[in-house]
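> Pasting a structure below so you can have a look.
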Amino acid sequence: QVQLVESGGASVQAGGSLTLSCVGSGSSISSYLMAWFRQAPGKKREGVAYINSDGDQRLYDDSVKGRFTISRDNAKNTVYFLLNNVKPEDTARYYCAAGPYGRWLEWDDPKGYDYWGQGTQVTVAS
C-alpha cells in the first residue's frame, strides 16, 4: 500500500514557475510508474506527465510539453513536477498517481494507476 502526498501548489502569475512534490510513504515507489494528472472545475481529470520507474522515459501532454518537467528521486521516494511559464489554462488541482507495470494502458488512462494523492491546487492569474 502506497500513500501519496502532494505539495507545492500556489497562486502564481502567468509566466511564473513553481515545483510540485509528491512524497510516497508506506512502501517504496521505486518500482511504480508515476504520473501527474490535473483536473479543472467542470472538466474531467487529464494526464499531463508520466515517468517510468527508472526515470529514463518521460511523456507529456502536448499542452505542457516544453514547459513542464517530471522527475523522480527514488532514494527520497519522491516525484517532482517543475512547472515553467505557466498559463491561466494550467489552473487546476494537480494529482500524483502511482501504478504498476503490466496493465498495457495508455499512460494517461487513470485506470492504470492504483494510488492517488489528495491533490494540490495551482492557480494562475493572467
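In the C-alpha cells, each chain is lettered A, B, ... as it comes, each chain's residues begin at 1, and ligands are numbered from 1 in order of appearance.
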For Glu46 of chain A, work out the shell of residues within 10 Å, counting only C-alpha atoms and skipping chain neighbours fewer than 5 positions away, then give it as a compact mmCIF listing (two decimals) with all heavy atoms, in the first residue's frame.

```txt
# COMPACT_ATOMS: atom_id res chain seq x y z
N TRP A 36 1.50 12.61 -13.25
CA TRP A 36 0.77 13.76 -12.74
C TRP A 36 -0.48 13.94 -13.60
O TRP A 36 -0.39 13.95 -14.82
CB TRP A 36 1.61 15.02 -12.78
CG TRP A 36 2.66 15.08 -11.72
CD1 TRP A 36 3.96 14.69 -11.85
CD2 TRP A 36 2.51 15.56 -10.38
NE1 TRP A 36 4.62 14.89 -10.65
CE2 TRP A 36 3.76 15.43 -9.75
CE3 TRP A 36 1.44 16.10 -9.66
CZ2 TRP A 36 3.96 15.82 -8.42
CZ3 TRP A 36 1.65 16.48 -8.34
CH2 TRP A 36 2.90 16.35 -7.74
N PHE A 37 -1.59 14.08 -12.95
CA PHE A 37 -2.86 14.42 -13.58
C PHE A 37 -3.31 15.77 -13.05
O PHE A 37 -2.85 16.24 -12.02
CB PHE A 37 -3.92 13.37 -13.25
CG PHE A 37 -3.74 12.06 -13.95
CD1 PHE A 37 -2.75 11.17 -13.59
CD2 PHE A 37 -4.59 11.70 -15.00
CE1 PHE A 37 -2.58 9.96 -14.23
CE2 PHE A 37 -4.44 10.48 -15.66
CZ PHE A 37 -3.44 9.61 -15.27
N ARG A 38 -4.25 16.37 -13.75
CA ARG A 38 -4.85 17.60 -13.25
C ARG A 38 -6.33 17.61 -13.59
O ARG A 38 -6.77 16.99 -14.54
CB ARG A 38 -4.15 18.83 -13.81
CG ARG A 38 -4.33 19.05 -15.30
CD ARG A 38 -3.49 20.25 -15.74
NE ARG A 38 -3.63 20.50 -17.18
CZ ARG A 38 -2.92 21.40 -17.85
NH1 ARG A 38 -2.00 22.14 -17.22
NH2 ARG A 38 -3.12 21.57 -19.14
N GLN A 39 -7.06 18.36 -12.77
CA GLN A 39 -8.49 18.49 -13.00
C GLN A 39 -8.93 19.90 -12.68
O GLN A 39 -8.74 20.39 -11.56
CB GLN A 39 -9.28 17.49 -12.16
CG GLN A 39 -10.76 17.44 -12.49
CD GLN A 39 -11.45 16.24 -11.87
OE1 GLN A 39 -10.96 15.63 -10.91
NE2 GLN A 39 -12.59 15.87 -12.43
N ALA A 40 -9.51 20.55 -13.68
CA ALA A 40 -10.06 21.88 -13.51
C ALA A 40 -11.56 21.77 -13.23
O ALA A 40 -12.18 20.76 -13.61
CB ALA A 40 -9.81 22.71 -14.76
N ASP A 61 1.67 15.54 -22.05
CA ASP A 61 0.58 16.02 -22.88
C ASP A 61 1.08 17.19 -23.71
O ASP A 61 1.93 17.97 -23.26
CB ASP A 61 -0.58 16.44 -22.00
CG ASP A 61 -1.79 16.86 -22.79
OD1 ASP A 61 -2.49 15.98 -23.29
OD2 ASP A 61 -2.01 18.09 -22.93
N TYR A 94 -3.79 19.48 -9.06
CA TYR A 94 -2.83 18.53 -9.61
C TYR A 94 -2.70 17.33 -8.68
O TYR A 94 -2.50 17.50 -7.46
CB TYR A 94 -1.48 19.22 -9.81
CG TYR A 94 -1.45 20.12 -11.01
CD1 TYR A 94 -2.15 21.33 -11.01
CD2 TYR A 94 -0.75 19.77 -12.16
CE1 TYR A 94 -2.16 22.15 -12.13
CE2 TYR A 94 -0.75 20.60 -13.28
CZ TYR A 94 -1.46 21.77 -13.26
OH TYR A 94 -1.47 22.59 -14.36
N TYR A 95 -2.78 16.15 -9.29
CA TYR A 95 -2.74 14.90 -8.54
C TYR A 95 -1.55 14.06 -8.98
O TYR A 95 -1.28 13.93 -10.18
CB TYR A 95 -4.01 14.10 -8.77
CG TYR A 95 -5.26 14.77 -8.30
CD1 TYR A 95 -5.97 15.64 -9.13
CD2 TYR A 95 -5.77 14.53 -7.02
CE1 TYR A 95 -7.12 16.27 -8.70
CE2 TYR A 95 -6.93 15.15 -6.58
CZ TYR A 95 -7.59 16.01 -7.42
OH TYR A 95 -8.74 16.63 -6.99
N ASP A 108 -1.89 7.98 -19.94
CA ASP A 108 -2.77 8.99 -19.37
C ASP A 108 -4.15 8.44 -19.04
O ASP A 108 -5.10 9.21 -18.85
CB ASP A 108 -2.87 10.20 -20.30
CG ASP A 108 -3.35 9.84 -21.69
OD1 ASP A 108 -3.44 8.64 -22.02
OD2 ASP A 108 -3.62 10.77 -22.47
N ASP A 109 -4.27 7.11 -18.99
CA ASP A 109 -5.52 6.49 -18.60
C ASP A 109 -5.52 6.32 -17.08
O ASP A 109 -4.70 5.56 -16.55
CB ASP A 109 -5.67 5.14 -19.29
CG ASP A 109 -7.03 4.50 -19.05
OD1 ASP A 109 -7.73 4.90 -18.09
OD2 ASP A 109 -7.39 3.60 -19.81
N PRO A 110 -6.43 6.99 -16.37
CA PRO A 110 -6.43 6.89 -14.90
C PRO A 110 -6.58 5.45 -14.40
O PRO A 110 -6.15 5.15 -13.27
CB PRO A 110 -7.63 7.74 -14.50
CG PRO A 110 -7.81 8.71 -15.61
CD PRO A 110 -7.44 7.94 -16.85
```
> Arg93 of chain A: which residues within 12 Å, counting only C-alpha atoms, same-chain residues fewer than 4 positions away excluded, as a short mmCIF file (atom, residue, chain, number, x, y, z; two decimals) with N, CA, C and O atoms, in the first residue's frame?

```
data_model
loop_
_atom_site.label_atom_id
_atom_site.label_comp_id
_atom_site.auth_asym_id
_atom_site.auth_seq_id
_atom_site.Cartn_x
_atom_site.Cartn_y
_atom_site.Cartn_z
N GLU A 6 0.89 15.22 -2.09
CA GLU A 6 1.41 16.29 -2.94
C GLU A 6 1.56 17.59 -2.14
O GLU A 6 0.82 17.81 -1.17
N SER A 7 2.47 18.42 -2.60
CA SER A 7 2.63 19.76 -2.02
C SER A 7 3.23 20.68 -3.08
O SER A 7 3.66 20.21 -4.14
N GLY A 8 3.23 21.95 -2.77
CA GLY A 8 3.87 22.92 -3.66
C GLY A 8 2.91 23.76 -4.47
O GLY A 8 3.34 24.69 -5.14
N GLY A 9 1.63 23.43 -4.43
CA GLY A 9 0.67 24.24 -5.16
C GLY A 9 0.61 25.65 -4.62
O GLY A 9 0.85 25.89 -3.43
N ALA A 10 0.27 26.60 -5.50
CA ALA A 10 0.24 28.01 -5.09
C ALA A 10 -0.52 28.82 -6.12
O ALA A 10 -0.89 28.32 -7.19
N SER A 11 -0.73 30.08 -5.80
CA SER A 11 -1.26 31.04 -6.75
C SER A 11 -0.08 31.81 -7.33
O SER A 11 0.73 32.37 -6.59
N LEU A 20 6.03 21.22 -7.92
CA LEU A 20 5.19 20.36 -7.11
C LEU A 20 6.00 19.15 -6.68
O LEU A 20 6.86 18.67 -7.43
N TRP A 36 1.50 12.61 -13.25
CA TRP A 36 0.77 13.76 -12.74
C TRP A 36 -0.48 13.94 -13.60
O TRP A 36 -0.39 13.95 -14.82
N PHE A 37 -1.59 14.08 -12.95
CA PHE A 37 -2.86 14.42 -13.58
C PHE A 37 -3.31 15.77 -13.05
O PHE A 37 -2.85 16.24 -12.02
N ARG A 38 -4.25 16.37 -13.75
CA ARG A 38 -4.85 17.60 -13.25
C ARG A 38 -6.33 17.61 -13.59
O ARG A 38 -6.77 16.99 -14.54
N GLN A 39 -7.06 18.36 -12.77
CA GLN A 39 -8.49 18.49 -13.00
C GLN A 39 -8.93 19.90 -12.68
O GLN A 39 -8.74 20.39 -11.56
N ALA A 40 -9.51 20.55 -13.68
CA ALA A 40 -10.06 21.88 -13.51
C ALA A 40 -11.56 21.77 -13.23
O ALA A 40 -12.18 20.76 -13.61
N PRO A 41 -12.15 22.76 -12.60
CA PRO A 41 -13.59 22.70 -12.30
C PRO A 41 -14.42 22.46 -13.57
O PRO A 41 -14.21 23.13 -14.58
N GLY A 42 -15.31 21.49 -13.50
CA GLY A 42 -16.19 21.20 -14.62
C GLY A 42 -15.56 20.39 -15.74
O GLY A 42 -16.20 20.14 -16.76
N LYS A 43 -14.30 19.99 -15.55
CA LYS A 43 -13.61 19.23 -16.58
C LYS A 43 -13.20 17.87 -16.03
O LYS A 43 -13.08 17.68 -14.82
N LYS A 44 -12.95 16.93 -16.93
CA LYS A 44 -12.51 15.62 -16.47
C LYS A 44 -11.03 15.65 -16.15
O LYS A 44 -10.28 16.51 -16.61
N ARG A 45 -10.61 14.69 -15.35
CA ARG A 45 -9.19 14.59 -14.99
C ARG A 45 -8.39 14.21 -16.21
O ARG A 45 -8.76 13.30 -16.95
N GLU A 46 -7.26 14.89 -16.42
CA GLU A 46 -6.43 14.62 -17.59
C GLU A 46 -4.99 14.36 -17.16
O GLU A 46 -4.47 15.00 -16.25
N GLY A 47 -4.34 13.44 -17.86
CA GLY A 47 -2.94 13.17 -17.61
C GLY A 47 -2.08 14.23 -18.25
O GLY A 47 -2.31 14.61 -19.40
N VAL A 48 -1.09 14.73 -17.53
CA VAL A 48 -0.21 15.75 -18.09
C VAL A 48 1.24 15.29 -18.19
O VAL A 48 1.99 15.79 -19.04
N GLU A 89 -4.66 28.73 -18.28
CA GLU A 89 -5.31 27.44 -18.55
C GLU A 89 -4.67 26.27 -17.81
O GLU A 89 -5.17 25.15 -17.85
N GLY A 117 -2.82 10.73 -4.70
CA GLY A 117 -2.76 11.68 -3.61
C GLY A 117 -4.04 12.50 -3.55
O GLY A 117 -4.95 12.31 -4.36
N GLN A 118 -4.07 13.42 -2.60
CA GLN A 118 -5.27 14.24 -2.41
C GLN A 118 -5.26 15.48 -3.30
O GLN A 118 -6.26 16.20 -3.41
N GLY A 119 -4.14 15.74 -3.91
CA GLY A 119 -4.04 16.85 -4.85
C GLY A 119 -3.51 18.12 -4.21
O GLY A 119 -3.56 18.31 -2.99
N THR A 120 -3.01 19.00 -5.07
CA THR A 120 -2.53 20.31 -4.64
C THR A 120 -2.98 21.33 -5.69
O THR A 120 -2.92 21.07 -6.88
N GLN A 121 -3.47 22.48 -5.23
CA GLN A 121 -4.10 23.46 -6.12
C GLN A 121 -3.09 24.40 -6.74
O GLN A 121 -2.26 25.00 -6.03
N VAL A 122 -3.17 24.55 -8.05
CA VAL A 122 -2.38 25.54 -8.77
C VAL A 122 -3.33 26.52 -9.43
O VAL A 122 -4.23 26.12 -10.18
N THR A 123 -3.16 27.79 -9.12
CA THR A 123 -3.99 28.84 -9.70
C THR A 123 -3.10 29.86 -10.38
O THR A 123 -2.16 30.39 -9.76
N VAL A 124 -3.36 30.10 -11.67
CA VAL A 124 -2.53 31.01 -12.45
C VAL A 124 -3.35 32.23 -12.83
O VAL A 124 -4.39 32.12 -13.50
#
```
> Which one is closest to Ile29 of chain A: A:Ser71, A:Gln13, A:Thr91, A:Asn77? Count only C-alpha atoms.
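With only C-alpha atoms as the atom set, the closest residue is A:Asn77.
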> Extract, using only C-alpha atoms, all DNA, RNA and protein residues at most 6 Å from Val23 of chain A, discarding same-chain residues fewer than 3 positions from it, and format them as a ChimeraX atom specification.
/A:4-5,77-78
> Generate a file of the selected residues that holds N, CA and C atoms, formatted as a PDB file, in the first residue's frame.

```
ATOM      1  N   LEU A   4       0.349   8.691  -1.031  1.00  0.00           N
ATOM      2  CA  LEU A   4       0.994   9.786  -1.771  1.00  0.00           C
ATOM      3  C   LEU A   4       0.488  11.124  -1.244  1.00  0.00           C
ATOM      4  N   VAL A   5       1.411  12.040  -1.026  1.00  0.00           N
ATOM      5  CA  VAL A   5       1.044  13.370  -0.555  1.00  0.00           C
ATOM      6  C   VAL A   5       1.713  14.411  -1.442  1.00  0.00           C
ATOM      7  N   ASN A  77      11.983   8.689  -2.371  1.00  0.00           N
ATOM      8  CA  ASN A  77      10.582   8.272  -2.545  1.00  0.00           C
ATOM      9  C   ASN A  77       9.700   9.438  -2.993  1.00  0.00           C
ATOM     10  N   THR A  78      10.239  10.238  -3.905  1.00  0.00           N
ATOM     11  CA  THR A  78       9.587  11.489  -4.283  1.00  0.00           C
ATOM     12  C   THR A  78       9.589  11.669  -5.796  1.00  0.00           C
TER      13      THR A  78
END
```
> Just give me the gap between atom CA of Lys111 of chain A and atom CA of Tyr32 of chain A in Å, one decimal is fine.
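So the answer is 14.2 Å.
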> Name the closest residue to Trp107 of chain A among the candidates A:Leu59, A:Phe68, A:Asp90, A:Tyr80; distances are taken between atoms, counting only C-alpha atoms.
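Distance minimum relative to Trp107 of chain A lands on A:Leu59.
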> Quick check, in Å to one decimal: how far apart do atom CA of Gly16 of chain A and atom CA of Val79 of chain A lie?
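That distance, rounded to one decimal, is 20.6 Å.
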